file model36.csv (CSV, C-alpha atoms)
chain,number,residue,atom,x,y,z
J,1,MET,CA,108.0,-113.7,-110.8
J,2,ASP,CA,106.4,-117.1,-111.1
J,3,TRP,CA,109.6,-119.0,-110.7
J,4,ILE,CA,110.1,-117.8,-107.2
J,5,MET,CA,106.7,-119.1,-106.4
J,6,ASN,CA,108.0,-122.4,-107.6
J,7,SER,CA,108.2,-124.5,-104.4
J,8,LYS,CA,111.1,-126.5,-105.9
J,9,MET,CA,113.2,-123.3,-106.3
J,10,ASP,CA,112.1,-122.2,-102.8
J,11,ASP,CA,113.2,-125.5,-101.3
J,12,PHE,CA,116.5,-125.3,-103.2
J,13,PHE,CA,117.3,-121.9,-101.6
J,14,LYS,CA,116.3,-123.2,-98.2
J,15,SER,CA,118.6,-126.1,-98.6
J,16,GLU,CA,121.3,-123.7,-99.7
J,17,ARG,CA,120.8,-121.7,-96.5
J,18,ALA,CA,121.6,-124.8,-94.5
J,19,ARG,CA,124.7,-125.7,-96.5
J,20,VAL,CA,127.5,-123.9,-94.6
J,21,PHE,CA,131.1,-124.8,-94.1
J,22,GLU,CA,132.8,-124.1,-90.8
J,23,PRO,CA,136.5,-123.2,-90.5
J,24,GLY,CA,138.6,-126.1,-89.4
J,25,PRO,CA,140.5,-126.2,-86.1
J,26,TYR,CA,143.8,-125.2,-87.8
J,27,PHE,CA,142.4,-122.5,-90.2
J,28,THR,CA,143.8,-119.6,-88.1
J,29,GLN,CA,147.2,-121.1,-87.9
J,30,ARG,CA,147.1,-121.8,-91.7
J,31,VAL,CA,146.3,-118.1,-92.4
J,32,MET,CA,149.0,-116.8,-90.0
J,33,ALA,CA,151.6,-119.2,-91.5
J,34,GLY,CA,150.6,-118.1,-95.0
J,35,LEU,CA,150.9,-114.4,-94.0
J,36,ALA,CA,154.3,-115.0,-92.4
J,37,GLY,CA,155.4,-116.8,-95.6
J,38,ARG,CA,154.3,-113.9,-97.8
J,39,LYS,CA,156.1,-111.4,-95.6
J,40,ALA,CA,159.3,-113.4,-95.7
J,41,SER,CA,159.0,-113.8,-99.5
J,42,LEU,CA,158.5,-110.1,-99.8
J,43,ARG,CA,161.6,-109.4,-97.7
J,44,GLU,CA,163.7,-111.9,-99.7
J,45,ASN,CA,162.5,-111.0,-103.2
J,46,GLY,CA,161.8,-107.3,-102.9
J,47,ILE,CA,158.7,-105.5,-104.1
J,48,TRP,CA,158.6,-107.2,-107.5
J,49,ASP,CA,156.8,-110.2,-106.0
J,50,GLY,CA,154.4,-107.9,-104.3
J,51,VAL,CA,153.2,-106.6,-107.7
J,52,VAL,CA,150.3,-108.5,-109.2
J,53,ALA,CA,151.6,-110.7,-112.0
J,54,GLY,CA,149.3,-109.0,-114.6
J,55,ALA,CA,150.6,-105.5,-113.7
J,56,ARG,CA,154.3,-106.4,-114.0
J,57,PRO,CA,154.7,-105.6,-117.7
J,58,ILE,CA,153.1,-102.2,-117.0
J,59,PHE,CA,155.5,-101.5,-114.1
J,60,ALA,CA,158.4,-102.7,-116.2
J,61,LEU,CA,157.5,-100.4,-119.1
J,62,ALA,CA,157.0,-97.4,-116.7
J,63,LEU,CA,160.4,-98.1,-115.3
J,64,VAL,CA,162.1,-98.2,-118.7
J,65,VAL,CA,160.4,-95.0,-119.8
J,66,LEU,CA,161.4,-93.3,-116.6
J,67,LEU,CA,165.0,-94.4,-117.0
J,68,ALA,CA,165.0,-93.3,-120.7
J,69,PHE,CA,163.9,-89.8,-119.7
J,70,MET,CA,166.5,-89.6,-117.0
J,71,ALA,CA,169.2,-90.7,-119.5
J,72,ILE,CA,168.1,-88.0,-121.9
J,73,GLN,CA,168.3,-85.4,-119.2
J,74,VAL,CA,171.7,-86.5,-118.1
J,75,PHE,CA,173.5,-87.3,-121.4
J,76,VAL,CA,172.0,-85.0,-124.0
J,77,PRO,CA,173.7,-81.6,-123.8
J,78,ASP,CA,171.6,-78.7,-122.8
J,79,VAL,CA,171.1,-76.5,-125.8
J,80,PRO,CA,170.5,-72.8,-125.0
J,81,ASP,CA,167.0,-71.6,-125.7
J,82,ARG,CA,167.5,-69.6,-129.0
J,83,GLY,CA,165.1,-68.3,-131.5
J,84,PRO,CA,165.6,-68.8,-135.3
J,85,ILE,CA,167.4,-65.5,-135.8
J,86,ASP,CA,169.9,-66.3,-133.0
J,87,ALA,CA,170.4,-69.8,-134.4
J,88,PHE,CA,171.0,-68.3,-137.9
J,89,LEU,CA,173.6,-65.8,-136.7
J,90,ALA,CA,175.2,-68.1,-134.2
J,91,PRO,CA,177.9,-69.6,-136.6
J,92,ASP,CA,179.0,-66.0,-137.4
J,93,GLN,CA,179.7,-65.1,-133.9
J,94,THR,CA,183.2,-65.2,-132.5
J,95,ASP,CA,183.8,-66.7,-129.1
J,96,GLY,CA,184.1,-63.1,-127.7
J,97,GLU,CA,180.8,-62.1,-129.2
J,98,HIS,CA,179.1,-65.2,-128.0
J,99,MET,CA,180.2,-64.5,-124.5
J,100,LEU,CA,179.1,-60.9,-124.8
J,101,TYR,CA,175.6,-61.7,-126.1
J,102,SER,CA,174.9,-64.8,-124.2
J,103,GLY,CA,175.7,-63.0,-120.9
J,104,SER,CA,178.1,-65.6,-119.6
J,105,GLU,CA,181.2,-64.6,-117.7
J,106,PRO,CA,184.7,-65.2,-119.2
J,107,SER,CA,186.4,-68.3,-117.8
J,108,SER,CA,189.5,-66.4,-116.6
J,109,PRO,CA,190.6,-62.8,-115.8
J,110,GLU,CA,193.1,-63.0,-118.7
J,111,LEU,CA,190.4,-63.8,-121.2
J,112,GLU,CA,188.4,-60.9,-119.9
J,113,LYS,CA,191.4,-58.6,-120.3
J,114,MET,CA,192.0,-59.9,-123.8
J,115,LEU,CA,188.4,-59.3,-124.8
J,116,ILE,CA,188.5,-55.7,-123.5
J,117,ILE,CA,191.7,-55.1,-125.4
J,118,THR,CA,190.2,-56.5,-128.6
J,119,GLU,CA,187.1,-54.4,-128.1
J,120,ASP,CA,189.2,-51.3,-127.5
J,121,GLY,CA,191.3,-52.1,-130.5
J,122,GLN,CA,188.3,-52.1,-132.7
F,1,MET,CA,137.0,-97.5,-78.4
F,2,SER,CA,135.2,-100.8,-79.0
F,3,PHE,CA,137.1,-104.1,-78.8
F,4,GLU,CA,136.6,-104.7,-82.6
F,5,ARG,CA,137.9,-101.2,-83.4
F,6,GLU,CA,140.9,-101.7,-81.1
F,7,LEU,CA,141.7,-105.0,-82.8
F,8,VAL,CA,141.6,-103.4,-86.2
F,9,VAL,CA,143.9,-100.5,-85.1
F,10,ARG,CA,146.3,-103.0,-83.6
F,11,ALA,CA,146.2,-105.1,-86.8
F,12,GLN,CA,146.8,-102.0,-88.8
F,13,ALA,CA,149.9,-101.4,-86.7
F,14,GLY,CA,151.1,-104.9,-87.8
F,15,GLU,CA,150.5,-106.7,-84.4
F,16,GLU,CA,150.3,-110.4,-85.2
F,17,ALA,CA,148.2,-111.3,-82.1
F,18,ALA,CA,145.5,-108.8,-83.2
F,19,GLN,CA,145.6,-110.2,-86.8
F,20,GLU,CA,145.2,-113.7,-85.4
F,21,GLU,CA,142.3,-112.7,-83.2
F,22,LEU,CA,140.6,-111.1,-86.2
F,23,VAL,CA,141.0,-114.3,-88.2
F,24,ARG,CA,139.6,-116.4,-85.3
F,25,GLN,CA,136.7,-114.0,-84.7
F,26,TYR,CA,135.6,-113.4,-88.3
F,27,SER,CA,136.5,-116.6,-90.2
F,28,PRO,CA,133.0,-118.2,-89.6
F,29,ILE,CA,131.4,-115.1,-91.3
F,30,VAL,CA,133.9,-115.4,-94.2
F,31,PHE,CA,133.3,-119.2,-94.5
F,32,ARG,CA,129.5,-118.8,-94.5
F,33,LEU,CA,129.6,-116.2,-97.2
F,34,VAL,CA,132.1,-118.1,-99.4
F,35,SER,CA,130.0,-121.3,-98.9
F,36,ARG,CA,127.2,-119.6,-100.7
F,37,PHE,CA,129.1,-119.5,-103.9
F,38,PHE,CA,131.4,-122.6,-103.8
F,39,ARG,CA,130.5,-126.2,-103.0
F,40,HIS,CA,133.8,-127.9,-102.2
F,41,ARG,CA,135.3,-127.5,-98.8
F,42,GLU,CA,138.9,-127.1,-100.2
F,43,ASP,CA,137.7,-124.3,-102.5
F,44,VAL,CA,136.0,-122.5,-99.6
F,45,GLU,CA,139.1,-122.9,-97.4
F,46,ASP,CA,141.5,-121.6,-100.1
F,47,LEU,CA,139.2,-118.6,-100.8
F,48,ALA,CA,138.7,-117.8,-97.2
F,49,GLN,CA,142.5,-117.7,-96.8
F,50,ASP,CA,142.8,-115.4,-99.9
F,51,VAL,CA,140.2,-113.2,-98.3
F,52,PHE,CA,142.3,-112.8,-95.1
F,53,PHE,CA,145.5,-112.2,-97.2
F,54,LYS,CA,143.6,-109.4,-99.0
F,55,VAL,CA,142.2,-108.1,-95.7
F,56,PHE,CA,145.7,-107.7,-94.1
F,57,THR,CA,147.2,-106.2,-97.3
F,58,ARG,CA,144.5,-103.6,-97.4
F,59,ILE,CA,143.7,-103.1,-93.7
F,60,ASP,CA,145.1,-99.6,-93.9
F,61,GLN,CA,142.1,-98.7,-96.0
F,62,VAL,CA,139.7,-99.3,-93.1
F,63,ARG,CA,138.6,-95.9,-91.9
F,64,PRO,CA,138.1,-95.2,-88.2
F,65,ASP,CA,134.4,-94.7,-88.7
F,66,GLU,CA,134.0,-97.8,-91.0
F,67,ASN,CA,132.1,-100.9,-90.0
F,68,PHE,CA,134.7,-103.6,-90.1
F,69,PRO,CA,132.3,-106.6,-90.7
F,70,GLY,CA,130.7,-104.7,-93.6
F,71,TRP,CA,134.1,-104.0,-95.1
F,72,LEU,CA,135.1,-107.6,-94.7
F,73,ARG,CA,131.9,-108.7,-96.4
F,74,ARG,CA,132.8,-106.5,-99.4
F,75,VAL,CA,136.3,-107.9,-99.6
F,76,THR,CA,134.9,-111.5,-99.4
F,77,ILE,CA,132.3,-110.9,-102.1
F,78,ASN,CA,134.8,-109.2,-104.4
F,79,THR,CA,137.2,-112.2,-104.0
F,80,CYS,CA,134.3,-114.6,-104.7
F,81,TYR,CA,133.3,-112.6,-107.8
F,82,ASP,CA,136.9,-112.6,-109.1
F,83,GLU,CA,137.1,-116.4,-108.6
F,84,LEU,CA,133.7,-117.1,-110.2
F,85,ARG,CA,134.7,-115.0,-113.2
F,86,LYS,CA,138.0,-116.9,-113.5
F,87,THR,CA,136.2,-120.3,-113.2
F,88,ARG,CA,133.7,-119.2,-115.8
F,89,ARG,CA,136.4,-118.2,-118.2
F,90,ARG,CA,138.3,-121.4,-117.6
F,91,THR,CA,135.1,-123.4,-118.2
F,92,ALA,CA,134.3,-121.5,-121.4
F,93,ALA,CA,137.9,-122.0,-122.6
F,94,TYR,CA,137.8,-125.8,-121.8
F,95,GLU,CA,134.5,-126.1,-123.7
F,96,ILE,CA,136.0,-124.5,-126.8
F,97,TYR,CA,139.6,-125.8,-126.7
F,98,GLY,CA,139.3,-128.9,-124.4
F,99,PRO,CA,138.9,-132.5,-125.5
F,100,GLN,CA,135.5,-133.2,-127.0
F,101,GLN,CA,133.1,-135.0,-124.8
F,102,GLU,CA,130.1,-137.1,-125.7
F,103,PRO,CA,126.9,-135.3,-125.0
F,104,GLU,CA,125.8,-138.1,-122.7
F,105,THR,CA,128.8,-137.8,-120.4
F,106,ALA,CA,129.0,-134.0,-120.4
F,107,ALA,CA,126.2,-133.5,-117.9
F,108,PRO,CA,125.4,-135.7,-115.0
F,109,ASP,CA,122.6,-138.1,-115.6
F,110,ALA,CA,119.3,-137.2,-114.0
F,111,GLY,CA,119.0,-140.7,-112.6
F,112,SER,CA,122.5,-140.8,-111.1
F,113,ALA,CA,123.2,-140.3,-107.4
F,114,GLU,CA,125.1,-137.0,-108.0
F,115,PHE,CA,122.1,-135.5,-109.7
F,116,ASP,CA,120.0,-135.1,-106.6
F,117,GLU,CA,116.5,-133.5,-106.2
F,118,PHE,CA,117.9,-130.0,-106.7
F,119,GLY,CA,120.2,-130.9,-109.6
F,120,THR,CA,118.3,-128.9,-112.1
F,121,ALA,CA,118.1,-125.8,-109.9
F,122,ARG,CA,121.8,-126.1,-109.1
F,123,ALA,CA,122.8,-126.6,-112.7
F,124,ALA,CA,120.7,-123.5,-113.7
F,125,LEU,CA,122.3,-121.4,-111.0
F,126,GLU,CA,125.8,-122.5,-112.1
F,127,THR,CA,125.2,-121.2,-115.6
F,128,LEU,CA,124.3,-117.7,-114.5
F,129,ASP,CA,126.8,-114.9,-115.0
F,130,PRO,CA,128.5,-114.0,-111.6
F,131,LYS,CA,127.2,-110.5,-112.0
F,132,LEU,CA,123.7,-111.8,-111.7
F,133,LYS,CA,124.4,-114.9,-109.6
F,134,ILE,CA,126.0,-113.0,-106.7
F,135,PRO,CA,123.1,-110.5,-106.0
F,136,LEU,CA,120.6,-113.4,-106.4
F,137,ILE,CA,122.3,-115.6,-103.9
F,138,LEU,CA,122.8,-112.7,-101.5
F,139,LYS,CA,119.1,-111.9,-101.7
F,140,GLU,CA,117.6,-115.4,-101.7
F,141,VAL,CA,120.0,-117.4,-99.7
F,142,GLU,CA,121.8,-114.9,-97.5
F,143,GLU,CA,118.6,-112.9,-97.2
F,144,LEU,CA,120.2,-109.5,-97.4
F,145,SER,CA,118.2,-106.4,-98.3
F,146,VAL,CA,118.7,-104.6,-101.6
F,147,ALA,CA,120.5,-101.7,-99.8
F,148,GLU,CA,122.9,-104.2,-98.1
F,149,ILE,CA,123.6,-105.9,-101.4
F,150,ALA,CA,124.3,-102.6,-103.1
F,151,LYS,CA,126.7,-101.6,-100.3
F,152,SER,CA,128.5,-105.0,-100.3
F,153,MET,CA,128.9,-105.0,-104.1
F,154,GLY,CA,129.7,-101.3,-104.4
F,155,ILE,CA,126.8,-100.7,-106.9
F,156,THR,CA,123.6,-98.7,-106.7
F,157,GLN,CA,120.3,-100.0,-105.4
F,158,THR,CA,118.7,-99.6,-108.8
F,159,ASN,CA,121.5,-101.6,-110.4
F,160,VAL,CA,120.9,-104.4,-107.8
F,161,LYS,CA,117.2,-104.4,-108.6
F,162,VAL,CA,117.9,-104.6,-112.3
F,163,ARG,CA,120.4,-107.5,-111.8
F,164,LEU,CA,117.9,-109.3,-109.6
F,165,PHE,CA,115.2,-109.0,-112.2
F,166,ARG,CA,117.5,-110.2,-115.0
F,167,ALA,CA,118.8,-113.1,-112.8
F,168,ARG,CA,115.3,-114.3,-112.1
F,169,LYS,CA,114.2,-114.0,-115.7
F,170,LYS,CA,117.3,-115.8,-117.0
F,171,LEU,CA,117.1,-118.5,-114.3
F,172,ALA,CA,113.4,-119.1,-115.2
F,173,ALA,CA,114.4,-119.5,-118.9
F,174,ILE,CA,117.3,-121.9,-118.1
F,175,LEU,CA,115.1,-123.9,-115.8
F,176,GLY,CA,112.4,-124.1,-118.4
F,177,LYS,CA,115.0,-125.3,-121.0
F,178,LEU,CA,116.6,-127.9,-118.6
F,179,ASP,CA,113.2,-129.2,-117.5
F,180,GLY,CA,112.2,-129.5,-121.1
F,181,SER,CA,115.3,-131.4,-122.1
F,182,GLU,CA,114.9,-133.7,-119.0
F,183,GLY,CA,111.3,-134.3,-120.0
F,184,GLY,CA,112.4,-135.0,-123.6
F,185,LYS,CA,115.0,-137.5,-122.3
F,186,ALA,CA,112.4,-139.4,-120.2

call {"tool": "encode", "arguments": {"input": "model36.csv", "output": "structure tokens"}}
result
Amino acid sequence: MDWIMNSKMDDFFKSERARVFEPGPYFTQRVMAGLAGRKASLRENGIWDGVVAGARPIFALALVVLLAFMAIQVFVPDVPDRGPIDAFLAPDQTDGEHMLYSGSEPSSPELEKMLIITEDGQ
Amino acid sequence: MSFERELVVRAQAGEEAAQEELVRQYSPIVFRLVSRFFRHREDVEDLAQDVFFKVFTRIDQVRPDENFPGWLRRVTINTCYDELRKTRRRTAAYEIYGPQQEPETAAPDAGSAEFDEFGTARAALETLDPKLKIPLILKEVEELSVAEIAKSMGITQTNVKVRLFRARKKLAAILGKLDGSEGGKA
């Protein structure tokens, strides 16, 4: 490249090599004080301040979505896994039949006896 | 275990004395590198401080076999790159949305004291994209090899060579334009 041959540019880079700042006498203390301040702020304000400002909306959104899924899991009743035929027949089933086909146990021995009697009666 | 490695391990454990020793020992290296990209002492000090904040936030990432000065150089260059990008964006936004300036006052006058003998070269370098400016400065001023630049910037050696070529070409074009406009003024 002809520009690099340019003595002016070469001299400029040489002058740049000589231009160096040295740390001041209190630089180390300044950094340590800054670090201590950041640690204290993190302790006081929790992890929210530790998150980069630009990433906060993403964190907030992720948190809302997570809470929404948890709420769905907790509050929406668990529907048994039924096929379309089961679902179609379900309203015609009596409580006794439902218990019989779903495989759940009767809630009390009396109910169990009653069911057996009903079945025998039929 | 070397003294440097021992210091890093102690700093990773959160020992403040070790962190302080690392700052004391490595701040001249950080200052030298930051000085390559920024001209004001205050900027250099602020950035060097940011570098050490980042270093102690991420010090757990230093692997036992890793060369700490090399890792520190990478963190420093990344911090400078981020700052140069921000500055460039701010300048661009100011140029578009800021108050309009007269063309005569926008650039320092060639005859004024602040426009010294390297004014044109400096002005040309300032207009370069940080992606091109950083490898060029590391090569020409810091005198690093292409392999060292690639390692420091986390890019391939081919990529470094391409960026150096483009930087030189662009700088030559800018210099030609600036020299032409100066010649036209005179």

call {"tool": "interface_residues", "arguments": {"input": "model36.csv", "of": "chain F", "to": "chain J", "cutoff": "8 Å", "atoms": "all atoms listed in the file", "output": "list in words"}}
result
Glu20, Val23, Arg24, Ser27, Pro28, Phe31, Arg32, Ser35, Arg36, Arg41, Val44, Glu45, Gln49, Phe52, Phe53, Phe118, Ala121, Arg122, Glu140, Val141, Glu142, Arg168, Lys169 and Ala172 of chain F

call {"tool": "atom_distance", "arguments": {"input": "model36.csv", "atom1": "CA of Cys80 in chain F", "atom2": "CA of Glu16 in chain F"}}
result
25.6 Å

call {"tool": "atom_distance", "arguments": {"input": "model36.csv", "atom1": "CA of Thr91 in chain F", "atom2": "CA of Ile174 in chain F"}}
result
17.9 Å

call {"tool": "atom_distance", "arguments": {"input": "model36.csv", "atom1": "CA of Met153 in chain F", "atom2": "CA of Arg74 in chain F"}}
result
6.3 Å

call {"tool": "residues_around", "arguments": {"input": "model36.csv", "residues": "Asp129 in chain F", "least_positions_apart": "6", "cutoff": "9 Å", "atoms": "all atoms listed in the file", "output": "PyMOL selection string"}}
result
chain F and resi 84-85+88+167

call {"tool": "closest_residue", "arguments": {"input": "model36.csv", "among": "F:Arg166, F:Leu175, F:Ser145, F:Ile134", "to": "Gly119 in chain F", "atoms": "all atoms listed in the file"}}
result
F:Leu175

call {"tool": "residues_around", "arguments": {"input": "model36.csv", "residues": "Gly14 in chain F", "least_positions_apart": "3", "cutoff": "12 Å", "atoms": "only C-alpha atoms", "output": "number ranges by chain"}}
result
J: 35-36, 39; F: 7-11, 17-20, 56-60
